[in-house]
>>> print(open('data-v6.cif').read())   # mmCIF, C-alpha atoms
data_model
#
loop_
_atom_site.group_PDB
_atom_site.id
_atom_site.type_symbol
_atom_site.label_atom_id
_atom_site.label_comp_id
_atom_site.auth_asym_id
_atom_site.auth_seq_id
_atom_site.Cartn_x
_atom_site.Cartn_y
_atom_site.Cartn_z
ATOM 1 C CA MET P 23 3.137 -2.447 13.133
ATOM 2 C CA VAL P 24 6.373 -1.914 11.208
ATOM 3 C CA HIS P 25 9.825 -3.439 11.627
ATOM 4 C CA GLU P 26 13.009 -1.450 12.150
ATOM 5 C CA LYS P 27 13.956 -0.920 8.489
ATOM 6 C CA GLN P 28 10.395 0.002 7.561
ATOM 7 C CA ALA P 29 10.329 2.492 10.445
ATOM 8 C CA ALA P 30 13.566 4.112 9.222
ATOM 9 C CA VAL P 31 12.154 4.610 5.707
ATOM 10 C CA LEU P 32 8.811 5.771 7.068
ATOM 11 C CA ARG P 33 10.478 8.459 9.198
ATOM 12 C CA LEU P 34 12.277 9.760 6.103
ATOM 13 C CA LEU P 35 9.042 9.825 4.096
ATOM 14 C CA ARG P 36 7.281 11.682 6.913
ATOM 15 C CA GLU P 37 10.039 14.324 6.783
ATOM 16 C CA ASN P 38 10.089 14.586 2.985
ATOM 17 C CA ALA P 39 7.869 12.342 0.894
ATOM 18 C CA ARG P 40 9.483 13.502 -2.343
ATOM 19 C CA GLN P 41 12.964 12.320 -1.537
ATOM 20 C CA SER P 42 14.448 9.784 -3.906
ATOM 21 C CA LEU P 43 14.830 6.084 -3.254
ATOM 22 C CA THR P 44 18.583 6.430 -3.716
ATOM 23 C CA GLY P 45 18.690 9.210 -1.113
ATOM 24 C CA MET P 46 16.755 7.063 1.359
ATOM 25 C CA SER P 47 19.004 4.096 0.616
ATOM 26 C CA ARG P 48 22.086 6.205 1.354
ATOM 27 C CA LYS P 49 20.647 7.662 4.578
ATOM 28 C CA THR P 50 19.504 4.301 5.949
ATOM 29 C CA ASN P 51 22.229 1.999 4.581
ATOM 30 C CA ILE P 52 19.462 -0.202 3.185
ATOM 31 C CA PRO P 53 19.998 -1.512 -0.382
ATOM 32 C CA LEU P 54 18.095 0.423 -3.054
ATOM 33 C CA SER P 55 16.000 -2.582 -4.121
ATOM 34 C CA SER P 56 14.956 -3.161 -0.509
ATOM 35 C CA VAL P 57 13.994 0.520 -0.093
ATOM 36 C CA PHE P 58 11.808 0.173 -3.203
ATOM 37 C CA ASP P 59 10.117 -2.898 -1.694
ATOM 38 C CA ILE P 60 9.720 -1.213 1.703
ATOM 39 C CA VAL P 61 8.083 1.901 0.202
ATOM 40 C CA LYS P 62 5.649 -0.291 -1.774
ATOM 41 C CA SER P 63 4.847 -2.359 1.293
ATOM 42 C CA LEU P 64 4.294 0.781 3.423
ATOM 43 C CA GLU P 65 2.026 2.225 0.710
ATOM 44 C CA HIS P 66 -0.111 -0.905 0.969
ATOM 45 C CA SER P 67 -0.271 -0.813 4.755
ATOM 46 C CA VAL P 68 0.390 2.174 6.989
ATOM 47 C CA ILE P 69 0.630 5.010 4.440
ATOM 48 C CA HIS P 70 -2.707 6.659 3.689
ATOM 49 C CA LYS P 71 -1.255 8.863 0.928
ATOM 50 C CA HIS P 72 1.721 11.065 0.087
ATOM 51 C CA THR P 73 0.765 14.735 0.042
ATOM 52 C CA SER P 74 2.183 18.236 0.025
ATOM 53 C CA LEU P 75 1.132 20.148 3.140
ATOM 54 C CA LEU P 76 0.074 23.673 2.243
ATOM 55 C CA ASP P 77 0.562 26.968 4.008
ATOM 56 C CA PHE P 78 -3.093 27.889 3.568
ATOM 57 C CA SER P 79 -2.567 31.602 4.077
ATOM 58 C CA LYS P 80 -0.069 31.610 1.190
ATOM 59 C CA VAL P 81 -2.635 30.114 -1.187
ATOM 60 C CA GLY P 82 -5.173 32.805 -0.352
ATOM 61 C CA MET P 83 -7.017 31.046 2.461
ATOM 62 C CA GLY P 84 -6.930 33.550 5.327
ATOM 63 C CA ALA P 85 -9.593 31.886 7.502
ATOM 64 C CA HIS P 86 -8.562 28.495 8.912
ATOM 65 C CA ALA P 87 -10.902 26.899 11.431
ATOM 66 C CA PHE P 88 -11.586 23.680 13.319
ATOM 67 C CA LEU P 89 -15.222 22.930 14.151
ATOM 68 C CA ARG P 90 -16.622 20.322 16.503
ATOM 69 C CA ILE P 91 -20.182 19.590 15.504
ATOM 70 C CA LYS P 92 -23.108 17.830 17.125
ATOM 71 C CA ALA P 93 -25.477 16.853 14.334
ATOM 72 C CA ASP P 94 -29.263 16.832 14.383
ATOM 73 C CA ASP P 95 -29.252 14.958 11.064
ATOM 74 C CA LYS P 96 -25.986 12.964 10.888
ATOM 75 C CA ASN P 97 -26.348 11.426 7.422
ATOM 76 C CA LYS P 98 -27.388 14.617 5.643
ATOM 77 C CA LEU P 99 -24.675 16.642 7.339
ATOM 78 C CA ARG P 100 -22.013 13.998 6.727
ATOM 79 C CA GLU P 101 -22.619 14.071 2.982
ATOM 80 C CA PHE P 102 -22.613 17.862 2.878
ATOM 81 C CA ILE P 103 -19.298 18.116 4.744
ATOM 82 C CA ARG P 104 -17.690 15.247 2.824
ATOM 83 C CA ALA P 105 -18.435 16.900 -0.523
ATOM 84 C CA HIS P 106 -17.496 20.464 0.457
ATOM 85 C CA LYS P 107 -14.394 21.711 -1.384
ATOM 86 C CA ASN P 108 -13.220 23.921 1.496
ATOM 87 C CA VAL P 109 -13.124 21.042 3.992
ATOM 88 C CA ASN P 110 -9.552 19.848 4.405
ATOM 89 C CA THR P 111 -10.007 17.154 7.043
ATOM 90 C CA PHE P 112 -13.155 15.525 8.360
ATOM 91 C CA SER P 113 -13.327 12.948 11.157
ATOM 92 C CA THR P 114 -15.922 11.358 13.368
ATOM 93 C CA LEU P 115 -15.648 12.201 17.044
ATOM 94 C CA LEU P 116 -16.797 10.975 20.477
ATOM 95 C CA PRO P 117 -18.202 11.831 23.015
ATOM 96 C CA HIS P 118 -20.585 14.836 22.986
ATOM 97 C CA TYR P 119 -19.819 15.773 19.364
ATOM 98 C CA ASP P 120 -20.215 13.784 16.128
ATOM 99 C CA PHE P 121 -17.770 15.434 13.746
ATOM 100 C CA LEU P 122 -14.443 17.265 13.727
ATOM 101 C CA VAL P 123 -14.013 19.452 10.651
ATOM 102 C CA GLU P 124 -10.999 21.456 9.506
ATOM 103 C CA ALA P 125 -11.895 23.967 6.809
ATOM 104 C CA VAL P 126 -10.190 26.847 5.033
ATOM 105 C CA PHE P 127 -11.701 29.939 3.399
ATOM 106 C CA PRO P 128 -10.470 33.103 1.720
ATOM 107 C CA ASP P 129 -12.127 35.269 4.382
ATOM 108 C CA LEU P 130 -14.553 35.308 7.311
ATOM 109 C CA LYS P 131 -17.478 36.151 5.031
ATOM 110 C CA GLU P 132 -17.040 32.851 3.157
ATOM 111 C CA TYR P 133 -16.592 31.036 6.454
ATOM 112 C CA THR P 134 -19.826 32.504 7.817
ATOM 113 C CA LEU P 135 -21.734 31.316 4.738
ATOM 114 C CA PHE P 136 -20.289 27.803 5.290
ATOM 115 C CA LYS P 137 -21.375 27.853 8.930
ATOM 116 C CA GLU P 138 -24.880 28.928 7.930
ATOM 117 C CA SER P 139 -24.979 26.070 5.406
ATOM 118 C CA LEU P 140 -23.909 23.620 8.137
ATOM 119 C CA GLU P 141 -26.871 24.726 10.242
ATOM 120 C CA GLN P 142 -29.227 24.326 7.276
ATOM 121 C CA GLN P 143 -27.800 20.848 6.585
ATOM 122 C CA GLY P 144 -28.423 19.460 10.059
ATOM 123 C CA ALA P 145 -25.739 20.812 12.398
ATOM 124 C CA GLY P 146 -27.015 21.370 15.944
ATOM 125 C CA VAL P 147 -24.199 22.547 18.207
ATOM 126 C CA ILE P 148 -21.089 24.019 16.544
ATOM 127 C CA ASP P 149 -17.959 24.726 18.583
ATOM 128 C CA GLU P 150 -15.554 26.743 16.432
ATOM 129 C CA ASN P 151 -11.876 27.573 16.847
ATOM 130 C CA PHE P 152 -9.851 29.743 14.512
ATOM 131 C CA ILE P 153 -6.198 28.891 13.962
ATOM 132 C CA VAL P 154 -3.915 31.720 15.008
ATOM 133 C CA GLU P 155 -0.606 29.870 14.640
ATOM 134 C CA GLU P 156 0.479 26.427 13.548
ATOM 135 C CA LEU P 157 2.968 24.871 15.974
ATOM 136 C CA LYS P 158 3.262 21.468 14.379
ATOM 137 C CA ARG P 159 1.564 19.606 11.543
ATOM 138 C CA GLU P 160 1.848 15.869 10.880
ATOM 139 C CA GLY P 161 4.821 15.712 13.226
ATOM 140 C CA PHE P 162 4.215 12.236 14.644
ATOM 141 C CA PHE P 163 6.852 9.689 13.573
ATOM 142 C CA SER P 164 8.952 12.511 12.172
ATOM 143 C CA ALA P 165 11.743 14.796 13.294
ATOM 144 C CA LYS P 166 9.884 17.796 11.790
ATOM 145 C CA MET W 2 -2.603 32.182 -7.754
ATOM 146 C CA LYS W 3 -2.699 31.197 -11.389
ATOM 147 C CA GLN W 4 -4.785 28.298 -12.595
ATOM 148 C CA LYS W 5 -1.702 26.320 -13.688
ATOM 149 C CA ASP W 6 -0.085 26.776 -10.271
ATOM 150 C CA LEU W 7 -3.226 25.447 -8.631
ATOM 151 C CA LEU W 8 -3.294 22.518 -11.044
ATOM 152 C CA VAL W 9 0.284 21.506 -10.185
ATOM 153 C CA LEU W 10 -0.414 21.900 -6.465
ATOM 154 C CA SER W 11 -3.561 19.782 -6.766
ATOM 155 C CA HIS W 12 -1.551 16.914 -8.296
ATOM 156 C CA LEU W 13 1.060 17.212 -5.529
ATOM 157 C CA ARG W 14 -1.730 17.212 -2.953
ATOM 158 C CA GLN W 15 -3.071 13.982 -4.479
ATOM 159 C CA ASN W 16 0.348 12.329 -4.645
ATOM 160 C CA ALA W 17 3.449 14.160 -3.468
ATOM 161 C CA ARG W 18 5.714 11.468 -4.957
ATOM 162 C CA ILE W 19 4.423 11.948 -8.481
ATOM 163 C CA PRO W 20 7.410 12.070 -10.898
ATOM 164 C CA LEU W 21 7.869 15.446 -12.610
ATOM 165 C CA THR W 22 7.652 13.797 -16.058
ATOM 166 C CA ILE W 23 4.177 12.438 -15.271
ATOM 167 C CA LEU W 24 3.142 15.745 -13.727
ATOM 168 C CA SER W 25 4.286 17.427 -16.937
ATOM 169 C CA LYS W 26 2.145 15.086 -19.061
ATOM 170 C CA LYS W 27 -0.913 15.531 -16.846
ATOM 171 C CA THR W 28 -0.690 19.334 -16.842
ATOM 172 C CA SER W 29 0.840 19.977 -20.310
ATOM 173 C CA ILE W 30 3.496 22.134 -18.643
ATOM 174 C CA PRO W 31 7.176 21.594 -19.571
ATOM 175 C CA VAL W 32 9.197 19.609 -17.006
ATOM 176 C CA SER W 33 11.740 22.404 -16.625
ATOM 177 C CA THR W 34 8.962 24.886 -15.789
ATOM 178 C CA ILE W 35 7.444 22.501 -13.246
ATOM 179 C CA PHE W 36 10.885 21.982 -11.694
ATOM 180 C CA ASP W 37 11.312 25.749 -11.297
ATOM 181 C CA ARG W 38 7.773 26.261 -9.992
ATOM 182 C CA LEU W 39 8.216 23.446 -7.464
ATOM 183 C CA ARG W 40 11.247 25.207 -5.977
ATOM 184 C CA ILE W 41 9.141 28.383 -5.643
ATOM 185 C CA TYR W 42 6.234 26.498 -4.039
ATOM 186 C CA GLU W 43 8.617 24.824 -1.592
ATOM 187 C CA GLU W 44 9.930 28.207 -0.485
ATOM 188 C CA ALA W 45 6.511 29.766 -0.020
ATOM 189 C CA ARG W 46 3.330 27.738 -0.370
ATOM 190 C CA ILE W 47 4.299 24.196 0.578
ATOM 191 C CA ILE W 48 5.229 23.534 4.209
ATOM 192 C CA ARG W 49 6.670 20.135 3.316
ATOM 193 C CA HIS W 50 5.896 16.932 1.434
ATOM 194 C CA THR W 51 4.889 14.121 3.763
ATOM 195 C CA SER W 52 3.292 10.684 3.924
ATOM 196 C CA LEU W 53 0.030 10.636 5.856
ATOM 197 C CA LEU W 54 -0.246 7.679 8.197
ATOM 198 C CA ASN W 55 -2.933 5.190 8.970
ATOM 199 C CA PHE W 56 -2.324 5.332 12.711
ATOM 200 C CA ASP W 57 -4.437 2.251 13.489
ATOM 201 C CA LYS W 58 -2.367 0.060 11.180
ATOM 202 C CA LEU W 59 0.806 1.466 12.700
ATOM 203 C CA GLY W 60 -0.371 0.213 16.102
ATOM 204 C CA TYR W 61 -1.583 3.531 17.468
ATOM 205 C CA GLY W 62 -5.274 2.911 17.978
ATOM 206 C CA VAL W 63 -6.055 5.923 20.171
ATOM 207 C CA ARG W 64 -6.269 9.419 18.673
ATOM 208 C CA ALA W 65 -7.484 12.437 20.579
ATOM 209 C CA SER W 66 -8.489 16.001 19.834
ATOM 210 C CA ILE W 67 -7.631 18.066 22.902
ATOM 211 C CA SER W 68 -8.382 21.718 23.694
ATOM 212 C CA LEU W 69 -6.312 23.388 26.397
ATOM 213 C CA LYS W 70 -6.528 26.688 28.236
ATOM 214 C CA VAL W 71 -3.641 27.441 30.578
ATOM 215 C CA ASP W 72 -2.472 30.236 32.826
ATOM 216 C CA HIS W 73 -0.984 33.088 30.792
ATOM 217 C CA GLN W 74 2.474 32.503 32.329
ATOM 218 C CA ASP W 75 2.512 28.867 31.166
ATOM 219 C CA LYS W 76 1.589 29.464 27.525
ATOM 220 C CA GLU W 77 5.129 29.635 26.178
ATOM 221 C CA ALA W 78 6.270 26.541 28.073
ATOM 222 C CA LEU W 79 3.220 24.566 26.908
ATOM 223 C CA HIS W 80 3.908 25.735 23.344
ATOM 224 C CA ASP W 81 7.417 24.236 23.557
ATOM 225 C CA PHE W 82 6.174 21.079 25.294
ATOM 226 C CA LEU W 83 3.565 20.359 22.595
ATOM 227 C CA LYS W 84 6.028 21.059 19.799
ATOM 228 C CA ALA W 85 8.551 18.617 21.223
ATOM 229 C CA HIS W 86 6.231 15.820 22.414
ATOM 230 C CA ALA W 87 6.496 12.669 20.277
ATOM 231 C CA SER W 88 2.793 11.800 20.628
ATOM 232 C CA VAL W 89 1.597 15.164 19.314
ATOM 233 C CA ASN W 90 0.861 14.885 15.615
ATOM 234 C CA SER W 91 -0.466 18.419 15.118
ATOM 235 C CA ALA W 92 -0.861 21.416 17.395
ATOM 236 C CA TYR W 93 -2.274 24.891 16.875
ATOM 237 C CA ARG W 94 -2.641 28.106 18.811
ATOM 238 C CA ILE W 95 -6.313 28.996 18.634
ATOM 239 C CA SER W 96 -8.809 31.716 19.445
ATOM 240 C CA ASN W 97 -12.284 31.468 21.032
ATOM 241 C CA GLY W 98 -11.646 30.637 24.672
ATOM 242 C CA PHE W 99 -8.981 27.948 24.495
ATOM 243 C CA ASP W 100 -5.263 28.497 23.849
ATOM 244 C CA TYR W 101 -4.213 25.314 22.041
ATOM 245 C CA LEU W 102 -5.824 22.610 19.944
ATOM 246 C CA VAL W 103 -3.868 19.358 19.863
ATOM 247 C CA GLU W 104 -4.159 16.150 17.872
ATOM 248 C CA ALA W 105 -2.237 13.365 19.581
ATOM 249 C CA VAL W 106 -1.864 9.630 18.964
ATOM 250 C CA PHE W 107 -1.264 6.788 21.414
ATOM 251 C CA GLU W 108 -1.091 3.013 21.544
ATOM 252 C CA GLN W 109 -3.529 2.732 24.441
ATOM 253 C CA ILE W 110 -6.008 4.843 26.380
ATOM 254 C CA LYS W 111 -3.749 4.722 29.447
ATOM 255 C CA ASP W 112 -1.052 6.509 27.387
ATOM 256 C CA LEU W 113 -3.517 9.307 26.608
ATOM 257 C CA ASP W 114 -4.348 9.519 30.321
ATOM 258 C CA SER W 115 -0.641 9.780 31.193
ATOM 259 C CA PHE W 116 -0.195 12.512 28.568
ATOM 260 C CA LEU W 117 -3.081 14.548 30.009
ATOM 261 C CA ASP W 118 -1.847 13.956 33.569
ATOM 262 C CA SER W 119 1.638 15.144 32.656
ATOM 263 C CA ILE W 120 0.210 18.349 31.179
ATOM 264 C CA GLU W 121 -1.813 19.010 34.329
ATOM 265 C CA LYS W 122 1.239 18.392 36.521
ATOM 266 C CA LYS W 123 3.570 20.628 34.488
ATOM 267 C CA PHE W 124 1.219 23.504 33.668
ATOM 268 C CA ARG W 125 -1.574 25.434 35.350
ATOM 269 C CA VAL W 126 -4.452 24.135 33.228
ATOM 270 C CA LYS W 127 -7.567 26.290 33.511
ATOM 271 C CA GLU W 128 -9.727 24.224 31.176
ATOM 272 C CA LYS W 129 -9.337 21.036 29.199
ATOM 273 C CA GLN W 130 -11.537 19.132 26.756
ATOM 274 C CA SER W 131 -10.605 15.791 25.237
ATOM 275 C CA TYR W 132 -12.399 13.828 22.514
ATOM 276 C CA PHE W 133 -11.626 10.595 20.701
ATOM 277 C CA ILE W 134 -11.129 10.763 16.947
ATOM 278 C CA ILE W 135 -12.873 7.621 15.757
ATOM 279 C CA ASP W 136 -12.528 7.585 11.991
ATOM 280 C CA ASP W 137 -11.276 9.745 9.118
ATOM 281 C CA VAL W 138 -13.679 10.627 6.334
ATOM 282 C CA LYS W 139 -11.319 13.063 4.559
ATOM 283 C CA ARG W 140 -7.670 13.921 5.148
ATOM 284 C CA GLU W 141 -5.733 16.768 3.543
ATOM 285 C CA ALA W 142 -8.392 16.989 0.836
ATOM 286 C CA PHE W 143 -8.392 20.728 0.147
ATOM 287 C CA LEU W 144 -7.183 21.514 -3.375
ATOM 288 C CA THR W 145 -6.951 17.844 -4.345
ATOM 289 C CA ASN W 146 -9.785 17.836 -6.848
ATOM 290 C CA GLU W 147 -8.674 19.551 -10.044
ATOM 291 C CA HIS W 148 -12.292 19.858 -11.178
ATOM 292 C CA LEU W 149 -13.073 22.053 -8.176
ATOM 293 C CA LEU W 150 -10.199 24.507 -8.611
ATOM 294 C CA PRO W 151 -11.132 28.184 -8.478
ATOM 295 C CA PHE W 152 -11.140 30.387 -11.597
ATOM 296 C CA PRO W 153 -11.851 27.644 -14.208
ATOM 297 C CA GLU W 154 -13.178 30.272 -16.586
ATOM 298 C CA ASN W 155 -9.853 32.118 -16.584
ATOM 299 C CA PRO W 156 -6.976 29.707 -17.128
ATOM 300 C CA SER W 157 -3.956 32.040 -16.914
ATOM 301 C CA LEU W 158 -0.826 30.283 -18.163
ATOM 302 C CA PHE W 159 2.724 30.723 -16.910
#
>>> encode(input="data-v6.cif", output="structure tokens")
Amino acid sequence: MVHEKQAAVLRLLRENARQSLTGMSRKTNIPLSSVFDIVKSLEHSVIHKHTSLLDFSKVGMGAHAFLRIKADDKNKLREFIRAHKNVNTFSTLLPHYDFLVEAVFPDLKEYTLFKESLEQQGAGVIDENFIVEELKREGFFSAK
Amino acid sequence: MKQKDLLVLSHLRQNARIPLTILSKKTSIPVSTIFDRLRIYEEARIIRHTSLLNFDKLGYGVRASISLKVDHQDKEALHDFLKAHASVNSAYRISNGFDYLVEAVFEQIKDLDSFLDSIEKKFRVKEKQSYFIIDDVKREAFLTNEHLLPFPENPSLF
């Protein structure tokens, strides 16, 4: 849990993680030194990492899919997915499925090869959904 | 995209708060060039810079992945509802049977139940699937490993 001042800084970081400490100090009326301390404390607690969210289509990745997977061989498949460079997010899931995978590829041909590899690496049931439009991404605790 | 663009993006993907001077040292690209490129990325390739959360530590121990199919006439209203709802972290319009895929976070399971109930009361839901996200293995990992960038044999410079 975070207190009020931490929450104010966290909301600003969720909206723009590159904004300066001085900017956050001005927007929140929290002294600069305190903002520095708050950011450090958040980085050691509730912040997983600061990242730049990509428009995948603009970096040449035209096929964007989410897959729910029931594994026949969980350990083998987990390692394969974890190490795959086209996998953006990878979570464990319950019930009915084991894994939720978000992956991006230049085209459907590359995606199909990935799906075939998943089957070879121990995927049983694969439920796939292609992203047509992004409504919201990482919008929780943020005005964006 | 050029190799150097990908390299800069990979560092920003690893740490969006990296100072430009350090990014310059790591990539051997002048600070002024990185500054200019960053503006270009922010207009086109980068949606925004954000801090990813550890929801558990923030007190939100319930995360769900929800697929929804609704009556055609309700699609636009559901679109707006999902976009505006504070518990929805990410939402997408999808193909393959369902209309929307939603990632939402809650303090307790009863809050997830209320969220799903409210959707069923407001919209004509034809089909719904809900799963618990238990643990993250990777988050926003694409293009974060500079050793796995495409085109390593052809490093085009700015």
>>> closest_residue(input="data-v6.cif", among="W:Asn146, W:Ser96, W:Ala65, W:Leu7", to="Tyr132 (chain W)", atoms="only C-alpha atoms")
W:Ala65
>>> atom_distance(input="data-v6.cif", atom1="CA of Glu150 (chain P)", atom2="CA of Phe121 (chain P)")
11.8 Å
>>> resolve_selection(input="data-v6.cif", expression="the PyMOL selection byres ((chain P and resi 128) around 12)", output="list in words")
Phe78, Ser79, Lys80, Val81, Gly82, Met83, Gly84, Ala85, His86, Ala87, Asn108, Ala125, Val126, Phe127, Asp129, Leu130, Lys131, Glu132, Tyr133, Thr134, Leu135 and Phe136 of chain P; Pro151 of chain W
>>> axis_aligned_box(input="data-v6.cif", around="region 31-35 of chain W", padding_each_side="4 Å", output="lines of an AutoDock Vina configuration file")
center_x = 9.5
center_y = 22.2
center_z = -16.4
size_x = 12.6
size_y = 13.3
size_z = 14.3
>>> residues_around(input="data-v6.cif", residues="region 53-62 of chain W", least_positions_apart="6", cutoff="9 Å", atoms="all atoms listed in the file", output="ChimeraX atom specification")
/P:23-24,36,67-73,160 /W:106-110,140-141
>>> decode(input="data-v6.cif", residues="region 65-110 of chain P", atoms="C-alpha atoms", output="PDB file, in the first residue's frame")
ATOM      1  CA  GLU P  65      11.197   1.710  -7.007  1.00  0.00           C
ATOM      2  CA  HIS P  66      11.989  -0.603  -4.100  1.00  0.00           C
ATOM      3  CA  SER P  67       8.363  -1.529  -3.493  1.00  0.00           C
ATOM      4  CA  VAL P  68       5.485  -1.176  -5.931  1.00  0.00           C
ATOM      5  CA  ILE P  69       7.313  -0.264  -9.161  1.00  0.00           C
ATOM      6  CA  HIS P  70       8.332  -3.281 -11.228  1.00  0.00           C
ATOM      7  CA  LYS P  71      10.263  -1.176 -13.765  1.00  0.00           C
ATOM      8  CA  HIS P  72      10.060   2.025 -15.795  1.00  0.00           C
ATOM      9  CA  THR P  73       9.539   1.301 -19.481  1.00  0.00           C
ATOM     10  CA  SER P  74       8.576   2.883 -22.774  1.00  0.00           C
ATOM     11  CA  LEU P  75       5.395   1.324 -24.156  1.00  0.00           C
ATOM     12  CA  LEU P  76       5.742   0.667 -27.872  1.00  0.00           C
ATOM     13  CA  ASP P  77       3.285   0.965 -30.715  1.00  0.00           C
ATOM     14  CA  PHE P  78       4.212  -2.467 -32.043  1.00  0.00           C
ATOM     15  CA  SER P  79       2.871  -1.853 -35.527  1.00  0.00           C
ATOM     16  CA  LYS P  80       5.169   1.178 -35.842  1.00  0.00           C
ATOM     17  CA  VAL P  81       8.243  -0.926 -35.069  1.00  0.00           C
ATOM     18  CA  GLY P  82       7.376  -3.429 -37.782  1.00  0.00           C
ATOM     19  CA  MET P  83       5.380  -5.903 -35.707  1.00  0.00           C
ATOM     20  CA  GLY P  84       2.102  -6.266 -37.608  1.00  0.00           C
ATOM     21  CA  ALA P  85       0.854  -9.404 -35.824  1.00  0.00           C
ATOM     22  CA  HIS P  86      -0.008  -8.871 -32.147  1.00  0.00           C
ATOM     23  CA  ALA P  87      -1.660 -11.760 -30.333  1.00  0.00           C
ATOM     24  CA  PHE P  88      -2.691 -12.992 -26.896  1.00  0.00           C
ATOM     25  CA  LEU P  89      -2.649 -16.757 -26.349  1.00  0.00           C
ATOM     26  CA  ARG P  90      -4.115 -18.749 -23.489  1.00  0.00           C
ATOM     27  CA  ILE P  91      -2.332 -22.065 -23.297  1.00  0.00           C
ATOM     28  CA  LYS P  92      -2.977 -25.352 -21.547  1.00  0.00           C
ATOM     29  CA  ALA P  93       0.352 -27.151 -21.340  1.00  0.00           C
ATOM     30  CA  ASP P  94       1.026 -30.862 -21.667  1.00  0.00           C
ATOM     31  CA  ASP P  95       4.593 -30.276 -20.457  1.00  0.00           C
ATOM     32  CA  LYS P  96       4.548 -27.158 -18.234  1.00  0.00           C
ATOM     33  CA  ASN P  97       8.258 -26.887 -17.416  1.00  0.00           C
ATOM     34  CA  LYS P  98       9.516 -27.366 -20.967  1.00  0.00           C
ATOM     35  CA  LEU P  99       6.962 -24.949 -22.373  1.00  0.00           C
ATOM     36  CA  ARG P 100       7.583 -22.368 -19.652  1.00  0.00           C
ATOM     37  CA  GLU P 101      11.281 -22.190 -20.484  1.00  0.00           C
ATOM     38  CA  PHE P 102      10.610 -21.955 -24.210  1.00  0.00           C
ATOM     39  CA  ILE P 103       8.137 -19.083 -23.794  1.00  0.00           C
ATOM     40  CA  ARG P 104      10.260 -17.276 -21.199  1.00  0.00           C
ATOM     41  CA  ALA P 105      13.280 -17.230 -23.514  1.00  0.00           C
ATOM     42  CA  HIS P 106      11.438 -16.316 -26.726  1.00  0.00           C
ATOM     43  CA  LYS P 107      12.365 -12.840 -27.999  1.00  0.00           C
ATOM     44  CA  ASN P 108       8.927 -12.159 -29.508  1.00  0.00           C
ATOM     45  CA  VAL P 109       7.096 -12.734 -26.214  1.00  0.00           C
ATOM     46  CA  ASN P 110       6.265  -9.393 -24.633  1.00  0.00           C
TER      47      ASN P 110
END
